[in-house]
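Enquirer: Before I ask anything, here is the structure I am working with.
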Amino acid sequence: MTLDPRSHTPVYVQLADLLRERIESGALPAGSTVGSETRLMQEYGIGRDAVRMAISLLRSEGLVSTSRSQGTRVRETPQRRPVELSPGATVIARMPSGTERRTMQLDEGVPVLEIRGHQGDVEILAGDEVELTRPPT
């Protein structure tokens, strides 16, 4: 697929859409590299800023992660563990603070779940690592 520079959709959004489609279809499986900035620039005929913005968009969606040593890779889907909510508990989904992101080693774009027990206790969990369940009634 090629990008259309005359489209009303910015080229970085078009590139992000294209890469997202490849990730979701399995053409770019978990752990695979998305490609270097230079390769993406050459392949799609766009500038470095557009490539960086596209990757940033995918990172904010939690689809890719970037490191200096490995470049940009498709994120592995973590194994989810069940967490049973206690009666009366409430859950708030939100984006983590910078401190929470570093402490919990969360990739950009991964939300946290703030679980408040009926006694006021609070537990913060990575949103992509848990599956919330309710106790049987």
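Chain identifiers are assigned as A, B, and so on, following the order in which chains appear in the structure tokens; residues are numbered from 1 within each chain, and ligands are numbered from 1 in order of appearance.
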Which residues of region 14-94 of chain A come within 12 Å of region 126-134 of chain A, and for each one, what is the closest pair of atoms and their distance in Å to one decimal, counting only C-alpha atoms, sorted by chain and residue number, as CSV?
Expert:
```
residue,atom,partner,partner_atom,distance
A:Glu61,CA,A:Asp128,CA,11.7
A:Gly62,CA,A:Asp128,CA,9.2
A:Leu63,CA,A:Asp128,CA,11.3
A:Arg75,CA,A:Asp128,CA,11.2
A:Glu76,CA,A:Asp128,CA,10.5
A:Thr77,CA,A:Asp128,CA,7.8
A:Pro78,CA,A:Glu129,CA,5.9
A:Gln79,CA,A:Glu129,CA,6.3
A:Arg80,CA,A:Glu129,CA,4.5
A:Arg81,CA,A:Val130,CA,4.8
A:Pro82,CA,A:Glu131,CA,4.7
A:Val83,CA,A:Leu132,CA,5.0
A:Glu84,CA,A:Thr133,CA,4.7
A:Leu85,CA,A:Arg134,CA,5.4
A:Ser86,CA,A:Arg134,CA,7.4
A:Pro87,CA,A:Arg134,CA,8.0
A:Gly88,CA,A:Arg134,CA,10.3
A:Ala89,CA,A:Arg134,CA,9.7
A:Thr90,CA,A:Arg134,CA,11.0
A:Val91,CA,A:Leu132,CA,9.4
A:Ile92,CA,A:Gly127,CA,10.4
A:Ala93,CA,A:Gly127,CA,7.7
A:Arg94,CA,A:Gly127,CA,8.9
```
Enquirer: Could the residues in this selection be written to a file with N, CA, C and O atoms, as an mmCIF file, in the first residue's frame?
Expert:
```cif
data_model
loop_
_atom_site.group_PDB
_atom_site.id
_atom_site.type_symbol
_atom_site.label_atom_id
_atom_site.label_comp_id
_atom_site.auth_asym_id
_atom_site.auth_seq_id
_atom_site.Cartn_x
_atom_site.Cartn_y
_atom_site.Cartn_z
ATOM 1 N N GLU A 61 -0.887 3.838 21.647
ATOM 2 C CA GLU A 61 -1.976 2.864 21.628
ATOM 3 C C GLU A 61 -1.564 1.535 22.255
ATOM 4 O O GLU A 61 -2.368 0.617 22.364
ATOM 5 N N GLY A 62 -0.286 1.434 22.654
ATOM 6 C CA GLY A 62 0.196 0.216 23.274
ATOM 7 C C GLY A 62 0.481 -0.910 22.292
ATOM 8 O O GLY A 62 0.624 -2.060 22.696
ATOM 9 N N LEU A 63 0.596 -0.592 20.996
ATOM 10 C CA LEU A 63 0.840 -1.632 19.993
ATOM 11 C C LEU A 63 2.315 -1.933 19.788
ATOM 12 O O LEU A 63 2.668 -3.048 19.404
ATOM 13 N N ARG A 75 4.565 -5.114 20.312
ATOM 14 C CA ARG A 75 4.492 -5.571 21.699
ATOM 15 C C ARG A 75 3.903 -6.968 21.800
ATOM 16 O O ARG A 75 2.966 -7.304 21.087
ATOM 17 N N GLU A 76 4.474 -7.735 22.692
ATOM 18 C CA GLU A 76 3.909 -9.036 23.038
ATOM 19 C C GLU A 76 2.645 -8.776 23.856
ATOM 20 O O GLU A 76 2.615 -7.849 24.671
ATOM 21 N N THR A 77 1.631 -9.590 23.660
ATOM 22 C CA THR A 77 0.431 -9.469 24.471
ATOM 23 C C THR A 77 0.680 -10.231 25.769
ATOM 24 O O THR A 77 0.916 -11.436 25.732
ATOM 25 N N PRO A 78 0.682 -9.526 26.892
ATOM 26 C CA PRO A 78 0.970 -10.203 28.158
ATOM 27 C C PRO A 78 -0.105 -11.234 28.501
ATOM 28 O O PRO A 78 -1.268 -11.085 28.124
ATOM 29 N N GLN A 79 0.323 -12.258 29.206
ATOM 30 C CA GLN A 79 -0.629 -13.247 29.721
ATOM 31 C C GLN A 79 -1.460 -12.552 30.796
ATOM 32 O O GLN A 79 -0.919 -11.920 31.697
ATOM 33 N N ARG A 80 -2.760 -12.637 30.697
ATOM 34 C CA ARG A 80 -3.629 -11.995 31.688
ATOM 35 C C ARG A 80 -3.908 -12.949 32.846
ATOM 36 O O ARG A 80 -4.146 -14.124 32.634
ATOM 37 N N ARG A 81 -3.886 -12.392 34.048
ATOM 38 C CA ARG A 81 -4.219 -13.188 35.221
ATOM 39 C C ARG A 81 -5.561 -12.705 35.763
ATOM 40 O O ARG A 81 -5.849 -11.495 35.753
ATOM 41 N N PRO A 82 -6.395 -13.613 36.212
ATOM 42 C CA PRO A 82 -7.703 -13.191 36.728
ATOM 43 C C PRO A 82 -7.571 -12.534 38.101
ATOM 44 O O PRO A 82 -6.788 -12.981 38.935
ATOM 45 N N VAL A 83 -8.303 -11.459 38.278
ATOM 46 C CA VAL A 83 -8.369 -10.769 39.566
ATOM 47 C C VAL A 83 -9.850 -10.627 39.905
ATOM 48 O O VAL A 83 -10.609 -10.009 39.160
ATOM 49 N N GLU A 84 -10.243 -11.254 41.016
ATOM 50 C CA GLU A 84 -11.643 -11.208 41.423
ATOM 51 C C GLU A 84 -11.885 -9.969 42.270
ATOM 52 O O GLU A 84 -11.171 -9.713 43.237
ATOM 53 N N LEU A 85 -12.880 -9.210 41.877
ATOM 54 C CA LEU A 85 -13.242 -8.011 42.633
ATOM 55 C C LEU A 85 -14.017 -8.410 43.876
ATOM 56 O O LEU A 85 -14.872 -9.291 43.828
ATOM 57 N N SER A 86 -13.713 -7.767 44.972
ATOM 58 C CA SER A 86 -14.470 -8.025 46.199
ATOM 59 C C SER A 86 -15.804 -7.283 46.112
ATOM 60 O O SER A 86 -15.918 -6.279 45.405
ATOM 61 N N PRO A 87 -16.822 -7.759 46.795
ATOM 62 C CA PRO A 87 -18.113 -7.071 46.778
ATOM 63 C C PRO A 87 -17.948 -5.615 47.214
ATOM 64 O O PRO A 87 -17.238 -5.324 48.174
ATOM 65 N N GLY A 88 -18.528 -4.711 46.489
ATOM 66 C CA GLY A 88 -18.461 -3.295 46.814
ATOM 67 C C GLY A 88 -17.249 -2.570 46.248
ATOM 68 O O GLY A 88 -17.115 -1.360 46.404
ATOM 69 N N ALA A 89 -16.363 -3.283 45.583
ATOM 70 C CA ALA A 89 -15.171 -2.651 45.005
ATOM 71 C C ALA A 89 -15.550 -1.862 43.759
ATOM 72 O O ALA A 89 -16.504 -2.188 43.063
ATOM 73 N N THR A 90 -14.791 -0.810 43.503
ATOM 74 C CA THR A 90 -14.965 -0.025 42.287
ATOM 75 C C THR A 90 -13.643 -0.018 41.518
ATOM 76 O O THR A 90 -12.578 -0.188 42.099
ATOM 77 N N VAL A 91 -13.751 0.191 40.213
ATOM 78 C CA VAL A 91 -12.569 0.188 39.351
ATOM 79 C C VAL A 91 -12.590 1.432 38.484
ATOM 80 O O VAL A 91 -13.617 1.786 37.905
ATOM 81 N N ILE A 92 -11.437 2.083 38.414
ATOM 82 C CA ILE A 92 -11.259 3.236 37.535
ATOM 83 C C ILE A 92 -10.107 2.907 36.595
ATOM 84 O O ILE A 92 -9.027 2.514 37.052
ATOM 85 N N ALA A 93 -10.341 3.041 35.314
ATOM 86 C CA ALA A 93 -9.264 2.881 34.329
ATOM 87 C C ALA A 93 -8.719 4.276 34.034
ATOM 88 O O ALA A 93 -9.472 5.219 33.816
ATOM 89 N N ARG A 94 -7.395 4.413 34.058
ATOM 90 C CA ARG A 94 -6.771 5.703 33.790
ATOM 91 C C ARG A 94 -5.354 5.484 33.283
ATOM 92 O O ARG A 94 -4.811 4.378 33.372
#
```
Enquirer: Just want the 10 Å neighbourhood of region 47-51 of chain A, counted on only C-alpha atoms, with same-chain residues fewer than 6 positions away dropped. Output as a short mmCIF file (atom, residue, chain, number, x, y, z; two decimals) with N, CA and C atoms, in the first residue's frame.
Expert:
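The result, written out as part-v1.cif:
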```cif
data_model
loop_
_atom_site.label_atom_id
_atom_site.label_comp_id
_atom_site.auth_asym_id
_atom_site.auth_seq_id
_atom_site.Cartn_x
_atom_site.Cartn_y
_atom_site.Cartn_z
N PRO A 10 -3.35 13.21 7.34
CA PRO A 10 -1.89 13.40 7.38
C PRO A 10 -1.15 12.08 7.10
N VAL A 11 0.01 12.18 6.45
CA VAL A 11 0.75 10.97 6.08
C VAL A 11 1.16 10.16 7.30
N TYR A 12 1.44 10.79 8.43
CA TYR A 12 1.82 10.01 9.60
C TYR A 12 0.65 9.16 10.08
N VAL A 13 -0.58 9.67 9.97
CA VAL A 13 -1.77 8.89 10.35
C VAL A 13 -1.96 7.75 9.35
N GLN A 14 -1.74 8.02 8.07
CA GLN A 14 -1.84 6.97 7.07
C GLN A 14 -0.83 5.86 7.34
N LEU A 15 0.41 6.23 7.67
CA LEU A 15 1.43 5.23 7.97
C LEU A 15 1.06 4.45 9.23
N ALA A 16 0.59 5.13 10.26
CA ALA A 16 0.17 4.45 11.49
C ALA A 16 -0.97 3.48 11.19
N SER A 36 13.30 0.27 10.70
CA SER A 36 14.00 1.47 11.16
C SER A 36 13.34 2.71 10.56
N GLU A 37 13.61 3.84 11.18
CA GLU A 37 13.09 5.11 10.64
C GLU A 37 13.53 5.29 9.20
N THR A 38 14.80 5.00 8.94
CA THR A 38 15.35 5.18 7.60
C THR A 38 14.64 4.29 6.59
N ARG A 39 14.42 3.03 6.96
CA ARG A 39 13.75 2.11 6.03
C ARG A 39 12.33 2.56 5.75
N LEU A 40 11.60 2.97 6.79
CA LEU A 40 10.22 3.44 6.60
C LEU A 40 10.18 4.72 5.77
N MET A 41 11.15 5.60 5.99
CA MET A 41 11.23 6.84 5.19
C MET A 41 11.41 6.49 3.72
N LEU A 57 2.32 7.44 17.69
CA LEU A 57 0.88 7.16 17.77
C LEU A 57 0.65 5.68 18.11
#
```
Enquirer: I'd like the contact shell of Leu19 (chain A) - 10 Å cut-off, only C-alpha atoms, skipping same-chain residues fewer than 4 positions apart - returned as a PyMOL selection string.
Expert: chain A and resi 13-15+23-25+27-28+34+54-55+58+63+74
Enquirer: Have a look at CA of Leu3 (chain A) and CA of Tyr44 (chain A) and let me know their distance in Å, one decimal.
Expert: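 Separation between CA of Leu3 (chain A) and CA of Tyr44 (chain A): 6.7 Å.
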Enquirer: Taking only region 5-132 of chain A into account, list the residues labelled alpha helix (DSSP H) by DSSP (computed from the backbone), as a ChimeraX atom specification.
Expert: /A:11-25,37-44,48-60,98-104
Enquirer: Selection from above, N, CA and C atoms, as a tab-separated table (two decimals), in the first residue's frame, can you write it?
Expert:
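Written output follows (part.tsv):
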```tsv
chain	number	residue	atom	x	y	z
A	11	VAL	N	0.01	12.18	6.45
A	11	VAL	CA	0.75	10.97	6.08
A	11	VAL	C	1.16	10.16	7.30
A	12	TYR	N	1.44	10.79	8.43
A	12	TYR	CA	1.82	10.01	9.60
A	12	TYR	C	0.65	9.16	10.08
A	13	VAL	N	-0.58	9.67	9.97
A	13	VAL	CA	-1.77	8.89	10.35
A	13	VAL	C	-1.96	7.75	9.35
A	14	GLN	N	-1.74	8.02	8.07
A	14	GLN	CA	-1.84	6.97	7.07
A	14	GLN	C	-0.83	5.86	7.34
A	15	LEU	N	0.41	6.23	7.67
A	15	LEU	CA	1.43	5.23	7.97
A	15	LEU	C	1.06	4.45	9.23
A	16	ALA	N	0.59	5.13	10.26
A	16	ALA	CA	0.17	4.45	11.49
A	16	ALA	C	-0.97	3.48	11.19
A	17	ASP	N	-1.92	3.89	10.36
A	17	ASP	CA	-3.04	3.03	9.98
A	17	ASP	C	-2.54	1.78	9.26
A	18	LEU	N	-1.61	1.98	8.35
A	18	LEU	CA	-1.05	0.87	7.58
A	18	LEU	C	-0.32	-0.11	8.49
A	19	LEU	N	0.53	0.40	9.36
A	19	LEU	CA	1.27	-0.47	10.28
A	19	LEU	C	0.34	-1.16	11.27
A	20	ARG	N	-0.69	-0.45	11.75
A	20	ARG	CA	-1.67	-1.02	12.67
A	20	ARG	C	-2.39	-2.19	11.99
A	21	GLU	N	-2.76	-1.99	10.74
A	21	GLU	CA	-3.43	-3.05	9.98
A	21	GLU	C	-2.53	-4.27	9.85
A	22	ARG	N	-1.25	-4.06	9.59
A	22	ARG	CA	-0.30	-5.17	9.47
A	22	ARG	C	-0.11	-5.89	10.81
A	23	ILE	N	-0.13	-5.14	11.91
A	23	ILE	CA	0.00	-5.73	13.24
A	23	ILE	C	-1.25	-6.57	13.54
A	24	GLU	N	-2.43	-5.99	13.32
A	24	GLU	CA	-3.68	-6.68	13.65
A	24	GLU	C	-3.93	-7.89	12.77
A	25	SER	N	-3.43	-7.88	11.53
A	25	SER	CA	-3.63	-9.02	10.63
A	25	SER	C	-2.63	-10.14	10.90
A	37	GLU	N	13.61	3.84	11.18
A	37	GLU	CA	13.09	5.11	10.64
A	37	GLU	C	13.53	5.29	9.20
A	38	THR	N	14.80	5.00	8.94
A	38	THR	CA	15.35	5.18	7.60
A	38	THR	C	14.64	4.29	6.59
A	39	ARG	N	14.42	3.03	6.96
A	39	ARG	CA	13.75	2.11	6.03
A	39	ARG	C	12.33	2.56	5.75
A	40	LEU	N	11.60	2.97	6.79
A	40	LEU	CA	10.22	3.44	6.60
A	40	LEU	C	10.18	4.72	5.77
A	41	MET	N	11.15	5.60	5.99
A	41	MET	CA	11.23	6.84	5.19
A	41	MET	C	11.41	6.49	3.72
A	42	GLN	N	12.33	5.59	3.44
A	42	GLN	CA	12.62	5.22	2.05
A	42	GLN	C	11.46	4.45	1.42
A	43	GLU	N	10.90	3.52	2.16
A	43	GLU	CA	9.83	2.68	1.63
A	43	GLU	C	8.58	3.48	1.28
A	44	TYR	N	8.26	4.48	2.12
A	44	TYR	CA	7.02	5.23	1.91
A	44	TYR	C	7.24	6.65	1.39
A	48	ARG	N	11.36	11.98	8.18
A	48	ARG	CA	11.63	11.39	9.49
A	48	ARG	C	10.57	11.80	10.52
A	49	ASP	N	10.16	13.08	10.50
A	49	ASP	CA	9.17	13.53	11.48
A	49	ASP	C	7.86	12.75	11.34
A	50	ALA	N	7.43	12.50	10.10
A	50	ALA	CA	6.19	11.76	9.88
A	50	ALA	C	6.32	10.33	10.39
A	51	VAL	N	7.47	9.69	10.16
A	51	VAL	CA	7.70	8.33	10.66
A	51	VAL	C	7.68	8.34	12.18
A	52	ARG	N	8.35	9.29	12.80
A	52	ARG	CA	8.39	9.36	14.27
A	52	ARG	C	7.00	9.59	14.85
A	53	MET	N	6.22	10.43	14.20
A	53	MET	CA	4.86	10.69	14.70
A	53	MET	C	3.99	9.44	14.57
A	54	ALA	N	4.14	8.69	13.47
A	54	ALA	CA	3.37	7.46	13.29
A	54	ALA	C	3.72	6.44	14.37
A	55	ILE	N	5.02	6.27	14.62
A	55	ILE	CA	5.46	5.32	15.65
A	55	ILE	C	4.99	5.78	17.02
A	56	SER	N	5.04	7.07	17.28
A	56	SER	CA	4.58	7.61	18.55
A	56	SER	C	3.08	7.32	18.75
A	57	LEU	N	2.32	7.44	17.69
A	57	LEU	CA	0.88	7.16	17.77
A	57	LEU	C	0.65	5.68	18.11
A	58	LEU	N	1.37	4.79	17.45
A	58	LEU	CA	1.23	3.36	17.74
A	58	LEU	C	1.71	3.02	19.15
A	59	ARG	N	2.74	3.71	19.61
A	59	ARG	CA	3.24	3.50	20.97
A	59	ARG	C	2.19	3.95	21.98
A	60	SER	N	1.53	5.07	21.71
A	60	SER	CA	0.51	5.57	22.64
A	60	SER	C	-0.70	4.65	22.70
A	98	GLY	N	3.84	9.35	35.51
A	98	GLY	CA	5.20	9.00	35.10
A	98	GLY	C	5.88	8.09	36.10
A	99	THR	N	5.67	8.37	37.37
A	99	THR	CA	6.26	7.54	38.44
A	99	THR	C	5.69	6.12	38.39
A	100	GLU	N	4.38	6.00	38.22
A	100	GLU	CA	3.76	4.68	38.14
A	100	GLU	C	4.28	3.92	36.92
A	101	ARG	N	4.40	4.62	35.78
A	101	ARG	CA	4.89	3.98	34.56
A	101	ARG	C	6.29	3.41	34.78
A	102	ARG	N	7.16	4.20	35.42
A	102	ARG	CA	8.54	3.73	35.67
A	102	ARG	C	8.56	2.61	36.70
A	103	THR	N	7.85	2.77	37.80
A	103	THR	CA	7.84	1.77	38.87
A	103	THR	C	7.28	0.44	38.39
A	104	MET	N	6.21	0.49	37.62
A	104	MET	CA	5.56	-0.73	37.14
A	104	MET	C	6.14	-1.21	35.81
```
Enquirer: State, in Å with one decimal place, the distance from CA of Val64 (chain A) to CA of Asp107 (chain A).
Expert: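 Result for CA of Val64 (chain A) versus CA of Asp107 (chain A): 8.5 Å, one decimal.
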Enquirer: What is the CA of Leu113 (chain A) to CA of Pro29 (chain A) distance in Å?
Expert: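 Between these atoms lies a distance of 26.7 Å.
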Enquirer: With a distance cut-off of 12 Å and only C-alpha atoms, select the neighbouring residues of Ser97 (chain A), excluding the residue or stretch itself and same-chain residues fewer than 5 positions from it, and output the selection as a VMD selection string.
Expert: chain A and resid 102 to 106 108 to 112 124
Enquirer: Include N, CA, C and O atoms and write out the residues we just selected as a short mmCIF file (atom, residue, chain, number, x, y, z; two decimals), in the first residue's frame.
Expert:
```
data_model
loop_
_atom_site.label_atom_id
_atom_site.label_comp_id
_atom_site.auth_asym_id
_atom_site.auth_seq_id
_atom_site.Cartn_x
_atom_site.Cartn_y
_atom_site.Cartn_z
N ARG A 102 7.16 4.20 35.42
CA ARG A 102 8.54 3.73 35.67
C ARG A 102 8.56 2.61 36.70
O ARG A 102 9.22 1.59 36.51
N THR A 103 7.85 2.77 37.80
CA THR A 103 7.84 1.77 38.87
C THR A 103 7.28 0.44 38.39
O THR A 103 7.82 -0.61 38.70
N MET A 104 6.21 0.49 37.62
CA MET A 104 5.56 -0.73 37.14
C MET A 104 6.14 -1.21 35.81
O MET A 104 5.71 -2.23 35.29
N GLN A 105 7.09 -0.44 35.27
CA GLN A 105 7.73 -0.76 33.99
C GLN A 105 6.70 -0.96 32.88
O GLN A 105 6.70 -1.96 32.17
N LEU A 106 5.82 0.02 32.75
CA LEU A 106 4.76 -0.03 31.75
C LEU A 106 5.21 0.62 30.45
O LEU A 106 5.87 1.66 30.47
N GLU A 108 4.47 2.79 27.12
CA GLU A 108 3.60 3.93 26.84
C GLU A 108 2.30 3.40 26.24
O GLU A 108 2.29 2.46 25.45
N GLY A 109 1.19 4.00 26.63
CA GLY A 109 -0.10 3.61 26.09
C GLY A 109 -0.83 2.56 26.90
O GLY A 109 -1.97 2.24 26.61
N VAL A 110 -0.18 2.01 27.92
CA VAL A 110 -0.82 0.98 28.75
C VAL A 110 -1.49 1.64 29.94
O VAL A 110 -0.83 2.31 30.73
N PRO A 111 -2.80 1.47 30.08
CA PRO A 111 -3.50 2.08 31.21
C PRO A 111 -3.30 1.28 32.49
O PRO A 111 -2.81 0.15 32.46
N VAL A 112 -3.67 1.88 33.60
CA VAL A 112 -3.70 1.16 34.87
C VAL A 112 -5.14 1.08 35.34
O VAL A 112 -6.00 1.88 34.92
N ILE A 124 -3.28 -0.73 42.48
CA ILE A 124 -3.05 -0.26 41.12
C ILE A 124 -2.46 -1.43 40.32
O ILE A 124 -1.42 -1.99 40.70
#
```
